[in-house]
Amino acid sequence: MTENEFIDKIRETVAQYEMVSKGETVCVGLSGGADSVSLLHALKKLGDELGFKVRAVHINHGLRGEESERDMRFCERLCGELGIDIDVRRLNLAAAKEKHESLEECARKARYEAFAEVVGEDRLATAHNLNDSAETVLLNLMRGTGLKGLCGIPPKRGNIIRPLIRCSRAEVEEYCRVSGLSYVTDSTNLSDDYTRNKVRHRIIPEMLKINPALPDVVSRMTELLREDSDYLEALAEKALEDLAFGMGYRAEELARLPNPIKSRAVRKILSDGGIEPSALRINTAISLLNKRSARFNPCRNRFFTIRRGICFVEKVEQHYKKHYKNP
């Protein structure tokens, strides 16, 4: 793939999903890896052509010691060379991590909170590619996913756009090569200690031997499934509008909805209330809907509450006492 062909593919993706308009600003989530470096470089060219501005944000998770500092310095230097403004944020994951929360989940949540602070009303471009989406589908399949999990990574969600979603990892690396772009490698991506890396390094290569077009096949499947999922999401939104009462929703009527609509409606209630809507949390909330009064505490300071038959998420400050052992 030539440099122009790669940019043409991104241009088509941006146009198809109406990702950005003339006069807007796109903030690229820049890690320093091949994906985000190619995205930043290509969007800078497209921005000059289509009339949108490009800036960058780098999140330093501080989890890899000197390597994290190296990546940060690389991103600052790259943006300086390209004449692009960059905002760098450092995270304190030890302070942000909640009870029963994995470090990976905590890092992702903190990263997107930092993105939101930096990006504001602008577009946030993340560097997820075609292979990432295929990996996500397989991971969700192994975890026992519903329809939404089989839809892969959406090209656009709110102000988040993914212009590389139709580009393969091989095309990304080829673009970097022909464009003379250097990039850094996260050492954790080389280790099979992480489940995603096992899928990337072991499972997908074997599947590619059976069908070399696997990423494209998965992409076509996810586009079809996304249409079905979007339709069900719209029905759930309409149901919540009809069942709204004060600051919440009529729980017993919500309980009588068909399961595909009910689960999506509860997912939205939890998500809008600041609760990460895992399958366990959704099912627990659903199990309470026929009660007149109930309370479920899925995460710190957040409760799924049913009061007088009305369900809602409330925020309640929780203070934990430290217990000290006698010497």
# chains A, B, ... in the order shown; residues from 1 in each chain; ligands from 1
$ select_by_dssp --residues "region 77-325 of chain A" --states "strand (DSSP E or B)" --output "number ranges by chain"
A: 86-90, 123-125, 156-157, 160-161, 244-245, 248-250, 293-299, 302-307, 310-315
$ residues_around --residues "Asn197 (chain A)" --least-positions-apart "2" --cutoff "12 Å" --atoms "only C-alpha atoms" --output "PyMOL selection string"
chain A and resi 131-132+135-136+138-139+186-195+199-205
$ closest_residue --among "A:Val88, A:Leu181, A:Val118, A:Val218" --to "Gly152 (chain A)" --atoms "only C-alpha atoms"
A:Val218
$ residues_around --residues "Asn301 (chain A)" --least-positions-apart "2" --cutoff "7 Å" --atoms "only C-alpha atoms" --output "number ranges by chain"
A: 299, 303, 315-318
$ closest_residue --among "A:Val54, A:Val266, A:Leu30, A:Leu141" --to "Arg89 (chain A)" --atoms "only C-alpha atoms"
A:Leu30
$ select_by_dssp --residues "region 10-68 of chain A" --states "alpha helix (DSSP H)" --output "list in words"
Ile10, Arg11, Glu12, Thr13, Val14, Ala15, Gln16, Ala34, Asp35, Ser36, Val37, Ser38, Leu39, Leu40, His41, Ala42, Leu43, Lys44, Lys45, Leu46, Gly47, Asp48, Glu49, Leu50, Glu66, Glu67 and Ser68 of chain A
$ write_last_selection --atoms "N, CA and C atoms" --output "short mmCIF file (atom, residue, chain, number, x, y, z; two decimals), in the first residue's frame"
data_model
loop_
_atom_site.label_atom_id
_atom_site.label_comp_id
_atom_site.auth_asym_id
_atom_site.auth_seq_id
_atom_site.Cartn_x
_atom_site.Cartn_y
_atom_site.Cartn_z
N ILE A 10 -8.33 6.38 4.76
CA ILE A 10 -8.75 7.16 5.93
C ILE A 10 -9.75 8.24 5.51
N ARG A 11 -9.48 8.90 4.37
CA ARG A 11 -10.40 9.93 3.89
C ARG A 11 -11.79 9.36 3.66
N GLU A 12 -11.87 8.17 3.07
CA GLU A 12 -13.15 7.52 2.81
C GLU A 12 -13.86 7.16 4.11
N THR A 13 -13.11 6.69 5.11
CA THR A 13 -13.69 6.32 6.40
C THR A 13 -14.23 7.57 7.10
N VAL A 14 -13.46 8.63 7.08
CA VAL A 14 -13.88 9.90 7.71
C VAL A 14 -15.17 10.40 7.06
N ALA A 15 -15.25 10.30 5.72
CA ALA A 15 -16.44 10.77 5.01
C ALA A 15 -17.64 9.86 5.26
N GLN A 16 -17.44 8.54 5.21
CA GLN A 16 -18.54 7.58 5.38
C GLN A 16 -19.24 7.74 6.71
N ALA A 34 2.99 2.67 16.53
CA ALA A 34 2.82 2.81 15.09
C ALA A 34 1.42 3.31 14.71
N ASP A 35 0.39 2.77 15.38
CA ASP A 35 -0.98 3.14 15.04
C ASP A 35 -1.23 4.63 15.23
N SER A 36 -0.92 5.14 16.42
CA SER A 36 -1.23 6.54 16.70
C SER A 36 -0.30 7.50 15.95
N VAL A 37 0.94 7.07 15.70
CA VAL A 37 1.86 7.91 14.94
C VAL A 37 1.37 8.05 13.50
N SER A 38 0.96 6.93 12.89
CA SER A 38 0.45 6.98 11.51
C SER A 38 -0.83 7.80 11.44
N LEU A 39 -1.68 7.67 12.47
CA LEU A 39 -2.93 8.42 12.50
C LEU A 39 -2.67 9.92 12.58
N LEU A 40 -1.78 10.31 13.48
CA LEU A 40 -1.45 11.73 13.63
C LEU A 40 -0.90 12.31 12.34
N HIS A 41 0.02 11.59 11.72
CA HIS A 41 0.67 12.05 10.49
C HIS A 41 -0.34 12.16 9.35
N ALA A 42 -1.20 11.15 9.20
CA ALA A 42 -2.18 11.16 8.11
C ALA A 42 -3.25 12.23 8.33
N LEU A 43 -3.71 12.39 9.56
CA LEU A 43 -4.74 13.40 9.83
C LEU A 43 -4.19 14.82 9.66
N LYS A 44 -2.91 15.01 9.96
CA LYS A 44 -2.29 16.32 9.72
C LYS A 44 -2.38 16.66 8.24
N LYS A 45 -2.12 15.69 7.37
CA LYS A 45 -2.21 15.92 5.92
C LYS A 45 -3.65 16.16 5.49
N LEU A 46 -4.57 15.33 6.01
CA LEU A 46 -5.98 15.49 5.65
C LEU A 46 -6.56 16.79 6.21
N GLY A 47 -6.10 17.19 7.38
CA GLY A 47 -6.58 18.43 7.97
C GLY A 47 -6.22 19.63 7.11
N ASP A 48 -5.00 19.63 6.59
CA ASP A 48 -4.58 20.71 5.70
C ASP A 48 -5.45 20.73 4.44
N GLU A 49 -5.84 19.53 3.98
CA GLU A 49 -6.64 19.40 2.75
C GLU A 49 -8.12 19.72 2.98
N LEU A 50 -8.69 19.22 4.09
CA LEU A 50 -10.13 19.31 4.32
C LEU A 50 -10.55 20.44 5.25
N GLU A 66 10.86 4.01 33.27
CA GLU A 66 11.58 4.82 32.29
C GLU A 66 10.98 4.69 30.90
N GLU A 67 10.41 3.52 30.60
CA GLU A 67 9.80 3.34 29.28
C GLU A 67 8.63 4.30 29.09
N SER A 68 7.84 4.53 30.13
CA SER A 68 6.73 5.49 30.05
C SER A 68 7.26 6.90 29.80
#
$ residues_around --residues "region 79-86 of chain A" --least-positions-apart "2" --cutoff "6 Å" --atoms "only C-alpha atoms" --output "NGL selection string"
:A and (55-57 or 76-77)
$ residues_around --residues "Cys167 (chain A)" --least-positions-apart "2" --cutoff "6 Å" --atoms "only C-alpha atoms" --output "list in words"
Asn129, Leu130, Leu164 and Ile165 of chain A
$ atom_distance --atom1 "CA of Ala265 (chain A)" --atom2 "CA of Asn283 (chain A)"
11.8 Å
$ closest_residue --among "A:Cys176, A:Ala107, A:Ile161, A:Leu232" --to "Leu147 (chain A)" --atoms "only C-alpha atoms"
A:Leu232
$ closest_residue --among "A:Tyr175, A:Glu105, A:Arg302, A:Phe52" --to "Glu5 (chain A)" --atoms "only C-alpha atoms"
A:Tyr175
$ decode --residues "region 41-60 of chain A" --atoms "N, CA, C and O atoms" --output "PDB file, in the first residue's frame"
ATOM      1  N   HIS A  41       0.023  11.587  11.721  1.00  0.00           N
ATOM      2  CA  HIS A  41       0.671  12.050  10.491  1.00  0.00           C
ATOM      3  C   HIS A  41      -0.341  12.165   9.349  1.00  0.00           C
ATOM      4  O   HIS A  41      -0.364  13.176   8.618  1.00  0.00           O
ATOM      5  N   ALA A  42      -1.199  11.154   9.201  1.00  0.00           N
ATOM      6  CA  ALA A  42      -2.179  11.164   8.114  1.00  0.00           C
ATOM      7  C   ALA A  42      -3.246  12.234   8.325  1.00  0.00           C
ATOM      8  O   ALA A  42      -3.655  12.920   7.369  1.00  0.00           O
ATOM      9  N   LEU A  43      -3.712  12.389   9.564  1.00  0.00           N
ATOM     10  CA  LEU A  43      -4.739  13.403   9.829  1.00  0.00           C
ATOM     11  C   LEU A  43      -4.191  14.816   9.657  1.00  0.00           C
ATOM     12  O   LEU A  43      -4.930  15.723   9.262  1.00  0.00           O
ATOM     13  N   LYS A  44      -2.905  15.012   9.958  1.00  0.00           N
ATOM     14  CA  LYS A  44      -2.291  16.322   9.716  1.00  0.00           C
ATOM     15  C   LYS A  44      -2.385  16.664   8.238  1.00  0.00           C
ATOM     16  O   LYS A  44      -2.727  17.793   7.860  1.00  0.00           O
ATOM     17  N   LYS A  45      -2.116  15.692   7.366  1.00  0.00           N
ATOM     18  CA  LYS A  45      -2.211  15.924   5.925  1.00  0.00           C
ATOM     19  C   LYS A  45      -3.652  16.160   5.495  1.00  0.00           C
ATOM     20  O   LYS A  45      -3.945  17.070   4.706  1.00  0.00           O
ATOM     21  N   LEU A  46      -4.572  15.335   6.011  1.00  0.00           N
ATOM     22  CA  LEU A  46      -5.982  15.493   5.650  1.00  0.00           C
ATOM     23  C   LEU A  46      -6.556  16.787   6.205  1.00  0.00           C
ATOM     24  O   LEU A  46      -7.417  17.416   5.572  1.00  0.00           O
ATOM     25  N   GLY A  47      -6.097  17.187   7.384  1.00  0.00           N
ATOM     26  CA  GLY A  47      -6.578  18.431   7.967  1.00  0.00           C
ATOM     27  C   GLY A  47      -6.218  19.626   7.107  1.00  0.00           C
ATOM     28  O   GLY A  47      -7.039  20.527   6.910  1.00  0.00           O
ATOM     29  N   ASP A  48      -4.999  19.632   6.592  1.00  0.00           N
ATOM     30  CA  ASP A  48      -4.584  20.710   5.697  1.00  0.00           C
ATOM     31  C   ASP A  48      -5.449  20.725   4.438  1.00  0.00           C
ATOM     32  O   ASP A  48      -5.772  21.782   3.899  1.00  0.00           O
ATOM     33  N   GLU A  49      -5.841  19.529   3.981  1.00  0.00           N
ATOM     34  CA  GLU A  49      -6.642  19.404   2.751  1.00  0.00           C
ATOM     35  C   GLU A  49      -8.117  19.719   2.983  1.00  0.00           C
ATOM     36  O   GLU A  49      -8.755  20.417   2.172  1.00  0.00           O
ATOM     37  N   LEU A  50      -8.688  19.218   4.092  1.00  0.00           N
ATOM     38  CA  LEU A  50     -10.133  19.307   4.317  1.00  0.00           C
ATOM     39  C   LEU A  50     -10.549  20.443   5.255  1.00  0.00           C
ATOM     40  O   LEU A  50     -11.744  20.667   5.451  1.00  0.00           O
ATOM     41  N   GLY A  51      -9.571  21.120   5.837  1.00  0.00           N
ATOM     42  CA  GLY A  51      -9.902  22.301   6.628  1.00  0.00           C
ATOM     43  C   GLY A  51     -10.248  22.057   8.073  1.00  0.00           C
ATOM     44  O   GLY A  51     -11.033  22.813   8.661  1.00  0.00           O
ATOM     45  N   PHE A  52      -9.680  21.008   8.691  1.00  0.00           N
ATOM     46  CA  PHE A  52      -9.868  20.844  10.136  1.00  0.00           C
ATOM     47  C   PHE A  52      -8.497  20.894  10.821  1.00  0.00           C
ATOM     48  O   PHE A  52      -7.462  20.649  10.190  1.00  0.00           O
ATOM     49  N   LYS A  53      -8.497  21.231  12.094  1.00  0.00           N
ATOM     50  CA  LYS A  53      -7.263  21.355  12.858  1.00  0.00           C
ATOM     51  C   LYS A  53      -6.938  20.055  13.584  1.00  0.00           C
ATOM     52  O   LYS A  53      -7.838  19.289  13.921  1.00  0.00           O
ATOM     53  N   VAL A  54      -5.669  19.838  13.837  1.00  0.00           N
ATOM     54  CA  VAL A  54      -5.224  18.623  14.534  1.00  0.00           C
ATOM     55  C   VAL A  54      -4.333  19.003  15.708  1.00  0.00           C
ATOM     56  O   VAL A  54      -3.442  19.853  15.575  1.00  0.00           O
ATOM     57  N   ARG A  55      -4.602  18.403  16.859  1.00  0.00           N
ATOM     58  CA  ARG A  55      -3.719  18.520  18.011  1.00  0.00           C
ATOM     59  C   ARG A  55      -3.596  17.131  18.642  1.00  0.00           C
ATOM     60  O   ARG A  55      -4.187  16.176  18.139  1.00  0.00           O
ATOM     61  N   ALA A  56      -2.842  17.012  19.711  1.00  0.00           N
ATOM     62  CA  ALA A  56      -2.601  15.679  20.282  1.00  0.00           C
ATOM     63  C   ALA A  56      -2.664  15.724  21.802  1.00  0.00           C
ATOM     64  O   ALA A  56      -2.482  16.768  22.429  1.00  0.00           O
ATOM     65  N   VAL A  57      -2.937  14.541  22.373  1.00  0.00           N
ATOM     66  CA  VAL A  57      -2.876  14.376  23.819  1.00  0.00           C
ATOM     67  C   VAL A  57      -2.164  13.056  24.109  1.00  0.00           C
ATOM     68  O   VAL A  57      -2.422  12.043  23.455  1.00  0.00           O
ATOM     69  N   HIS A  58      -1.240  13.089  25.055  1.00  0.00           N
ATOM     70  CA  HIS A  58      -0.519  11.875  25.471  1.00  0.00           C
ATOM     71  C   HIS A  58      -0.808  11.627  26.942  1.00  0.00           C
ATOM     72  O   HIS A  58      -0.674  12.533  27.773  1.00  0.00           O
ATOM     73  N   ILE A  59      -1.206  10.403  27.264  1.00  0.00           N
ATOM     74  CA  ILE A  59      -1.488  10.020  28.643  1.00  0.00           C
ATOM     75  C   ILE A  59      -0.339   9.157  29.159  1.00  0.00           C
ATOM     76  O   ILE A  59      -0.071   8.082  28.624  1.00  0.00           O
ATOM     77  N   ASN A  60       0.321   9.629  30.196  1.00  0.00           N
ATOM     78  CA  ASN A  60       1.416   8.877  30.823  1.00  0.00           C
ATOM     79  C   ASN A  60       0.845   8.144  32.033  1.00  0.00           C
ATOM     80  O   ASN A  60       0.577   8.746  33.070  1.00  0.00           O
TER      81      ASN A  60
END
